[in-house]
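Accompanying notes for the structure given below.
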Amino acid sequence: MLILGIETSCDETGIALYDSERGLQAHALYSQIELHAQYGGVVPELASRDHVRKILPLIRQVLENAQVQRHEIEGVAYTAGPGLMGALLVGAAVGRSLAWAWGVPAVGVHHMEGHLLAPMLEAHPPAFPFVALLVSGGHTQLVQVEGVGEYRLLGDTLDDAVGEAFDKAAKMMGLGYPGGPRIAELALQGNPERFTFPRPMVDRPGLDFSFSGLKTFTLNTLQKHILDDQGQDEQTKADVALAFEQAAVDTLAIKCKRALAQTGLRRLVIAGGVSANTRLREKLQAMTAGLGAKVFYPRLEFCTDNGAMIAFAGCQRLLAGQQEDLGFETLPRWALEKLQAV
């Protein structure tokens, strides 16, 4: 089954073609980072307008790259949520309209299910069941995964997602947007002996997360140690960036270790934009190796939002007979546990 996947949940327009027998055929991604960088974060209205401008040209590009004609497409999958309402509406409206015009079924896909299943696009995908850590700008969740659509939430963030915490910490240091890659780059110059930041909520039982206190500690440290009026003490910023990154990574690793112990599972999937962080990958690789477990990631280009993960997830649901009627619904908030099992 050949599926067109459309991702427009936030600030990246992703298009892909996935074939259930031959795998990923082609994909393209347009990022709005430069558009939003001047504002220090995503501006929803600008994001929606840019999706409108880019979505049809990207669809034409992917079809051309895959040498696929429109009549060969057998289904359309689009992100229905969670995400920015205006951005979601662009992809859903276009996806549902194309499916109607082409006479093929359409299905709305949960954005985080797409991330969760992204490692399935690799040559050696994880087998079910496994524990998944979903880490992005909007989510920090631990999920027990028994199969497609069979999800049990183990832990969630009580305030900011870890990706959001990276963005806000970067803004405190004047590093710009997006914050994760900029903090990781600056941290390479940091002195690991200078600062030790708290690992939030690791001293209590459970698998929930909280990063608001870590942000406050970061701000207080910067205000205390950057002394000149312009705040240009670059070494101090590097030291703070490293301490912040180490604290965030250690917290995620500790909770992942607990989740594996609690469930008795030995496979860990990491997905979402923060899964591209090198320090996190190294920490989790060492942790799982010590437990006799194994960790799986999507390739770097599929860590952030992309159409390939939506095409794959949508394909699984279309093959199972799930599809939308002529109407469509977008859900800015949408719990994973409410999804139908396949």
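Naming works like this for the structure tokens: A, B, ... for the chains as they're shown, residue 1 at the start of each chain, ligands 1 onward in shown order.
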Give me the region 26-132 of chain A side of the contact with region 297-304 of chain A, cut-off 9 Å, one line per residue showing its nearest atom pair and distance in Å at one decimal, counting only C-alpha atoms, sorted by chain and residue number, as a Markdown table.
| residue | atom | partner | partner_atom | distance |
| --- | --- | --- | --- | --- |
| A:His115 | CA | A:Cys303 | CA | 7.4 |
| A:Leu117 | CA | A:Pro298 | CA | 8.7 |
| A:Ala118 | CA | A:Pro298 | CA | 5.6 |
| A:Pro119 | CA | A:Pro298 | CA | 4.2 |
| A:Met120 | CA | A:Pro298 | CA | 7.7 |
| A:Leu121 | CA | A:Pro298 | CA | 7.4 |
| A:Glu122 | CA | A:Pro298 | CA | 6.8 |
| A:Pro125 | CA | A:Tyr297 | CA | 8.9 |
Which distance in Å separates CA of Pro198 (chain A) and CA of Thr251 (chain A), to one decimal?
-> 9.1 Å
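Distances to Phe128 (chain A) were evaluated for A:Leu29, A:Ala92, A:Met309, A:Leu116 using only C-alpha atoms, and the minimum falls at A:Leu116.
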Of the candidates A:Leu56, A:Val107, A:Leu2, A:Ala47, which one gets nearest to Glu329 (chain A) if we count only C-alpha atoms?
->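 Ranked by minimum distance to Glu329 (chain A), first place goes to A:Val107.
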Just asking: which residues within region 96-251 of chain A are helix (DSSP H, G or I) according to DSSP, as a PyMOL selection string?
-> chain A and resi 96-102+111-121+162-172+179-187+212-225+234-251
Can you write out the residues you just picked, keeping C-alpha atoms, as a JSON list (two decimals), in the first residue's frame?
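Listed below is the output, selection.json:
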[["chain", "number", "residue", "atom", "x", "y", "z"],
["A", 96, "ARG", "CA", -8.35, 15.05, 3.35],
["A", 97, "SER", "CA", -9.06, 17.02, 0.15],
["A", 98, "LEU", "CA", -6.45, 15.15, -1.86],
["A", 99, "ALA", "CA", -7.75, 11.80, -0.61],
["A", 100, "TRP", "CA", -11.29, 12.76, -1.65],
["A", 101, "ALA", "CA", -10.13, 14.00, -5.07],
["A", 102, "TRP", "CA", -8.08, 10.83, -5.67],
["A", 111, "HIS", "CA", 1.91, 13.19, 16.06],
["A", 112, "MET", "CA", 3.55, 11.44, 19.01],
["A", 113, "GLU", "CA", 2.59, 8.01, 17.68],
["A", 114, "GLY", "CA", 4.51, 9.02, 14.58],
["A", 115, "HIS", "CA", 7.59, 9.82, 16.67],
["A", 116, "LEU", "CA", 7.16, 6.65, 18.70],
["A", 117, "LEU", "CA", 7.10, 4.49, 15.56],
["A", 118, "ALA", "CA", 9.86, 6.38, 13.70],
["A", 119, "PRO", "CA", 12.54, 3.79, 14.62],
["A", 120, "MET", "CA", 10.46, 1.25, 12.67],
["A", 121, "LEU", "CA", 11.73, 2.95, 9.51],
["A", 162, "VAL", "CA", 12.56, 18.98, 28.25],
["A", 163, "GLY", "CA", 12.83, 20.51, 24.76],
["A", 164, "GLU", "CA", 11.01, 23.61, 26.00],
["A", 165, "ALA", "CA", 13.39, 23.80, 28.96],
["A", 166, "PHE", "CA", 16.36, 23.70, 26.55],
["A", 167, "ASP", "CA", 14.81, 26.53, 24.52],
["A", 168, "LYS", "CA", 14.18, 28.69, 27.58],
["A", 169, "ALA", "CA", 17.63, 28.07, 29.03],
["A", 170, "ALA", "CA", 19.18, 29.00, 25.69],
["A", 171, "LYS", "CA", 17.14, 32.21, 25.64],
["A", 172, "MET", "CA", 18.50, 33.11, 29.10],
["A", 179, "GLY", "CA", 17.85, 26.09, 22.01],
["A", 180, "GLY", "CA", 18.72, 22.40, 22.11],
["A", 181, "PRO", "CA", 21.42, 22.32, 19.42],
["A", 182, "ARG", "CA", 22.86, 25.66, 20.58],
["A", 183, "ILE", "CA", 23.21, 24.56, 24.20],
["A", 184, "ALA", "CA", 24.75, 21.25, 23.10],
["A", 185, "GLU", "CA", 27.29, 23.09, 20.95],
["A", 186, "LEU", "CA", 28.22, 25.60, 23.66],
["A", 187, "ALA", "CA", 28.42, 22.83, 26.28],
["A", 212, "SER", "CA", 10.76, 24.24, 35.96],
["A", 213, "GLY", "CA", 13.12, 24.10, 38.94],
["A", 214, "LEU", "CA", 16.07, 23.36, 36.68],
["A", 215, "LYS", "CA", 15.24, 26.44, 34.62],
["A", 216, "THR", "CA", 15.09, 28.60, 37.76],
["A", 217, "PHE", "CA", 18.42, 27.21, 38.99],
["A", 218, "THR", "CA", 19.93, 28.02, 35.59],
["A", 219, "LEU", "CA", 18.67, 31.60, 35.70],
["A", 220, "ASN", "CA", 19.91, 32.15, 39.27],
["A", 221, "THR", "CA", 23.34, 30.75, 38.37],
["A", 222, "LEU", "CA", 23.65, 33.02, 35.36],
["A", 223, "GLN", "CA", 22.62, 36.09, 37.37],
["A", 224, "LYS", "CA", 25.09, 35.28, 40.12],
["A", 225, "HIS", "CA", 28.14, 34.50, 38.00],
["A", 234, "GLU", "CA", 31.30, 33.29, 27.45],
["A", 235, "GLN", "CA", 33.13, 30.72, 29.54],
["A", 236, "THR", "CA", 30.53, 31.01, 32.29],
["A", 237, "LYS", "CA", 27.79, 30.54, 29.71],
["A", 238, "ALA", "CA", 29.55, 27.43, 28.41],
["A", 239, "ASP", "CA", 29.91, 26.06, 31.93],
["A", 240, "VAL", "CA", 26.23, 26.70, 32.66],
["A", 241, "ALA", "CA", 25.21, 25.15, 29.33],
["A", 242, "LEU", "CA", 27.17, 21.99, 30.16],
["A", 243, "ALA", "CA", 25.77, 21.77, 33.70],
["A", 244, "PHE", "CA", 22.22, 22.25, 32.39],
["A", 245, "GLU", "CA", 22.64, 19.64, 29.67],
["A", 246, "GLN", "CA", 24.19, 17.12, 32.08],
["A", 247, "ALA", "CA", 21.34, 17.59, 34.56],
["A", 248, "ALA", "CA", 18.65, 17.19, 31.93],
["A", 249, "VAL", "CA", 20.31, 14.12, 30.38],
["A", 250, "ASP", "CA", 20.97, 12.46, 33.75],
["A", 251, "THR", "CA", 17.34, 13.00, 34.77]]
Considering only C-alpha atoms, return as number ranges by chain whatever protein or nucleic-acid residues lie within 10 Å of Gln285 (chain A), sequence-local ones (same chain, fewer than 5 positions apart) excluded.
-> A: 253, 268, 279-280, 290, 293-296
Across A:Val76, A:Leu339, A:Leu24, A:Leu319, the smallest distance to Gly5 (chain A), with only C-alpha atoms counted, is shown by A:Val76
Polymer residues at most 6 Å from Ala132 (chain A), only C-alpha atoms, same-chain spacing of 3 or more positions, as a tab-separated table (two decimals) with all heavy atoms, in the first residue's frame:
chain	number	residue	atom	x	y	z
A	142	LEU	N	7.19	8.89	29.23
A	142	LEU	CA	7.61	7.50	29.19
A	142	LEU	C	6.36	6.66	28.94
A	142	LEU	O	5.36	6.80	29.64
A	142	LEU	CB	8.28	7.09	30.50
A	142	LEU	CG	9.75	7.48	30.63
A	142	LEU	CD1	10.19	7.40	32.08
A	142	LEU	CD2	10.63	6.60	29.74
A	143	VAL	N	6.44	5.80	27.93
A	143	VAL	CA	5.27	5.04	27.49
A	143	VAL	C	5.65	3.57	27.35
A	143	VAL	O	6.70	3.24	26.78
A	143	VAL	CB	4.75	5.56	26.13
A	143	VAL	CG1	3.50	4.80	25.71
A	143	VAL	CG2	4.48	7.06	26.19
A	268	LEU	N	14.45	-0.19	24.74
A	268	LEU	CA	14.13	1.21	24.99
A	268	LEU	C	14.19	1.97	23.68
A	268	LEU	O	15.19	1.90	22.96
A	268	LEU	CB	15.13	1.80	25.99
A	268	LEU	CG	14.98	3.29	26.33
A	268	LEU	CD1	13.67	3.55	27.07
A	268	LEU	CD2	16.18	3.76	27.17
A	269	VAL	N	13.12	2.68	23.35
A	269	VAL	CA	13.06	3.51	22.14
A	269	VAL	C	13.10	4.98	22.57
A	269	VAL	O	12.37	5.38	23.49
A	269	VAL	CB	11.77	3.22	21.34
A	269	VAL	CG1	11.48	4.35	20.35
A	269	VAL	CG2	11.91	1.90	20.60
A	270	ILE	N	13.93	5.76	21.93
A	270	ILE	CA	14.02	7.20	22.19
A	270	ILE	C	13.63	7.93	20.91
A	270	ILE	O	14.19	7.69	19.85
A	270	ILE	CB	15.45	7.63	22.60
A	270	ILE	CG1	16.04	6.66	23.61
A	270	ILE	CG2	15.44	9.05	23.15
A	270	ILE	CD1	15.30	6.58	24.90
Nearest to Gly327 (chain A) among A:Pro82, A:Pro57, A:Gly103, A:Gly108, with distances taken over only C-alpha atoms: which residue is it?
-> A:Gly108
Could you work out how far CA of Leu134 (chain A) lies from CA of Ala28 (chain A), giving the answer in Å with one decimal?
->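 We find that CA of Ala28 (chain A) and CA of Leu134 (chain A) lie 22.7 Å from each other.
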Run DSSP on the backbone of this structure and report the residues of region 65-310 of chain A it assigns to strand (DSSP E), as a PyMOL selection string.
-> chain A and resi 75-81+106-110+130-135+140-147+150-156+267-271+294-296
Residue among A:Leu88, A:Asp11, A:Ile254, A:Arg317 lying closest to Arg204 (chain A), counting only C-alpha atoms |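 Answer, going by the shortest atom-to-atom distance: A:Ile254.
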